[in-house]
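Undergrad: I have a structure I would like to understand better, so I am pasting it below and will then ask my questions one at a time.
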Amino acid sequence: MHLGSVAAEHPDRPAVIMAGSGKVVTYAELDAASNRLAQVLCAAGLRPGDHIAFMLENRWEFLAVAWAAQRSGLYYTPVGTRLGAAEAAYIVDNCEAKAFIASAAVSAVAEKVAADTPGVPLRLMLDAAVPGFSSYEEAVASVDAAPLPEQVEGMDMLYSSGTTGRPKGVKPPLPLSPIGTPGGLYTLISMLFDPGDSPVYLSPAPLYHAAPLRYSMVFQRLGGAVVVMERFDPEAALAAIQEHRVTHSQWVPTMFIRMLRLPEQTRTAYDLSSLRFAVHAAAPCPVPVKEQMIDWWGPILHEYYAGTEGNCFVYTDSAAWLGHKGTVGRPLLGQVHVCDDSGDELPAGQIGILYFGGGSEFEYHGDPAKTAASRDPRGRGWSTLGDIGYVDDEGFIYLTDRRSHMIISGGVNIYPQEVENLLAVHPKVADVAVIGVPDEEMGEQVKAVVQPASMADAGDALAAELIHYCRERLAHYKCPRTVDFRATLPRHPTGKLYKRLLSAEYGMGPTQP
């Protein structure tokens with residue numbers, strides 16, 4: 001149940017297929033590449049419990065680097081390729097990396113990171129050797145591909161995407177168990193998603209995020225082929241499912257919206273019959289979007305709500321969702337508690353902060369204040385991801401928004417996700433963010449910042465149309481009083497909006513993480 005054992009049994013089986021280039025990397029090749037890097041890291045003095053960071057675009061070597069750390073008992077932190085130098089350097093420094101690996105594609109940022117983190121003893125770069133870095137290719141070519149004498153399981157240490165402030169490093173306990181020891185996600189995937197003997201998993205999102213990275217590595221433990229898209233494109237994703245006979249996949253709702261907006265003749269041109277499980281998470285999915293996806297793909301959609309922190313895993317399949325539209329499911333890991341700001345538990349149907357007990361332990365690395373803020377104020381051992389929602393009488397959880405996004409207008413709490421979900425399905429809207437902006441009388445007022453389907457439509461007429469559209473469907477106090485238009489919104493590849501950047505433009509928060 002790890003890369004090496006699969007490589008020994010099925011050396012020629014595809015481990016990674018790059019969807020764009022068509023490059024195939026076998027299990028034997030991926031195993032050898034990860035062993036070579038593990039040898040390099042060990043020779044540089046890294047030992048179980050130490051830390052590496054790497055900044056790579058979607059490429060097969062990404063998984064070789066992750067597996068090298070995983071089989072060496074190291075913590076490993078992928079750094080987002082869209083980050084600026086200051087934020088990337090903060091992560092490399094904060095995680096206390098003893099090695100930093102990057103590629104020529106991000107060399108401009110990586111050079112600045114290297115200059116700002118002089119204490120990192122080993123720096124390697126793929127495809128080039130720029131100042132401050134040694135050649136990755138030369139380093140791995142200088143050692144053999146034998147596995148380390150003692151291999152123990154490492155652990156990823158991932159950072160939040162910084163949508164509400166400086167990224168937080170989520171540090172779970174390091175298992176240091178013998179390589180091949182199954183983890184919780186392996187068990188969940190095996191139990192929920194029937195991988196079978198040779199699954200084919202499509203990963204359309206950046207690998208530096210929790211779900212794409214973790215699911216890809218678990219499917220490789222299961223002996224599956226991982227099809228990696230270099231970047232998401234809606235039609236290319238459908239083509240990849242058809243070409244590679246994909247059985248399992250994972251998405252974010254913005255990807256569903258983009259695929260649904262393809263012309264019908266394009267959507268129906270591809271054979272998707274091999275797809276048995278389409279998993280989605282990471283951001284709220286508007287109810288009409290999910291209904292359309294189930295109509296199109298059938299009842300193969302599976303949704304979960306969880307966090308990098310691992311304190312909960314909430315799940316629903318299509319059948320349960322259709323009976324409880326809008327839910328993110330019921331907990332499989334962690335017991336849910338809905339509390340008010342004082343920590344008092346609330347009854348079913350009332351909105352409050354979602355806390356979970358009984359999940360995995362975690363801390364925010366080097367930030368005891370943020371760790372403490374994530375804990376139940378009554379000291380009952382519960383933790384929160386910062387989301388607001390409610391639970392119905394049957395135990396199904398519904399998210400209403402993030403606590404940090406809540407708008408308070410005239411003393412009334414307004415949850416922008418409800419308005420965003422409504423506007424997201426308007427045919428003239430490509431993307432939307434709803435935020436609070438200063439209001440002298442009410443404290444805050446609701447504003448929609450919209451990326452129109454066509455910028456030619458941007459203007460007073462469309463703004464009035466969208467406000468009227470909301471007022472026909474929601475209480476007026478929840479609806480935007482004004483609408484601004486943008487060519488693009490600051491949205492992360494995972495589907496999360498950088499609302500702090502928009503809010504800062506309107507005088508509602510800091511511009512820097």
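All residue names refer to the structure tokens as shown: chains lettered A, B, ... in order, residues numbered from 1 in each chain, ligands numbered from 1 in order.
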Looking only at strand (DSSP E) from DSSP on the backbone, list the matching residues of region 189-419 of chain A as a ChimeraX atom specification.

TA: /A:200-203,225-228,248-251,277-280,301-306,313-317,330-333,335-339,352-357,363-364,387-391,397-402,407-409,412-414

Undergrad: Write out as a count of residues only the residues lying within 9 Å of Arg47 (chain A), counting only C-alpha atoms and excluding same-chain residues fewer than 4 positions away.

TA: 6

Undergrad: Find the residue from A:His244, A:Arg214, A:Lys325, A:Lys23 that sits nearest to Leu63 (chain A); use only C-alpha atoms when measuring.

TA: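 For Leu63 (chain A), the nearest of the candidates is A:Arg214.
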
Undergrad: Which parts of region 13-61 of chain A does DSSP call helix (DSSP H, G or I) when run on the backbone here, written out as a list in words?

TA: Tyr27, Ala28, Glu29, Leu30, Asp31, Ala32, Ala33, Ser34, Asn35, Arg36, Leu37, Ala38, Gln39, Val40, Leu41, Cys42, Ala43, Trp60 and Glu61 of chain A

Undergrad: Could you pull the residues within 9 Å of region 418-435 of chain A, counting only C-alpha atoms, minus those fewer than 6 positions along the same chain, as a PyMOL selection string?

TA: chain A and resi 254+257-258+284-289+400-401+405-407+445-454+457+462+466+469-470+473-474+478-480+488-489+497+499+502-503

Undergrad: I'd like to know which of A:Ala99, A:Met293, A:Met217, A:Leu122 is closest to Trp67 (chain A), using only C-alpha atoms.

TA: A:Met217
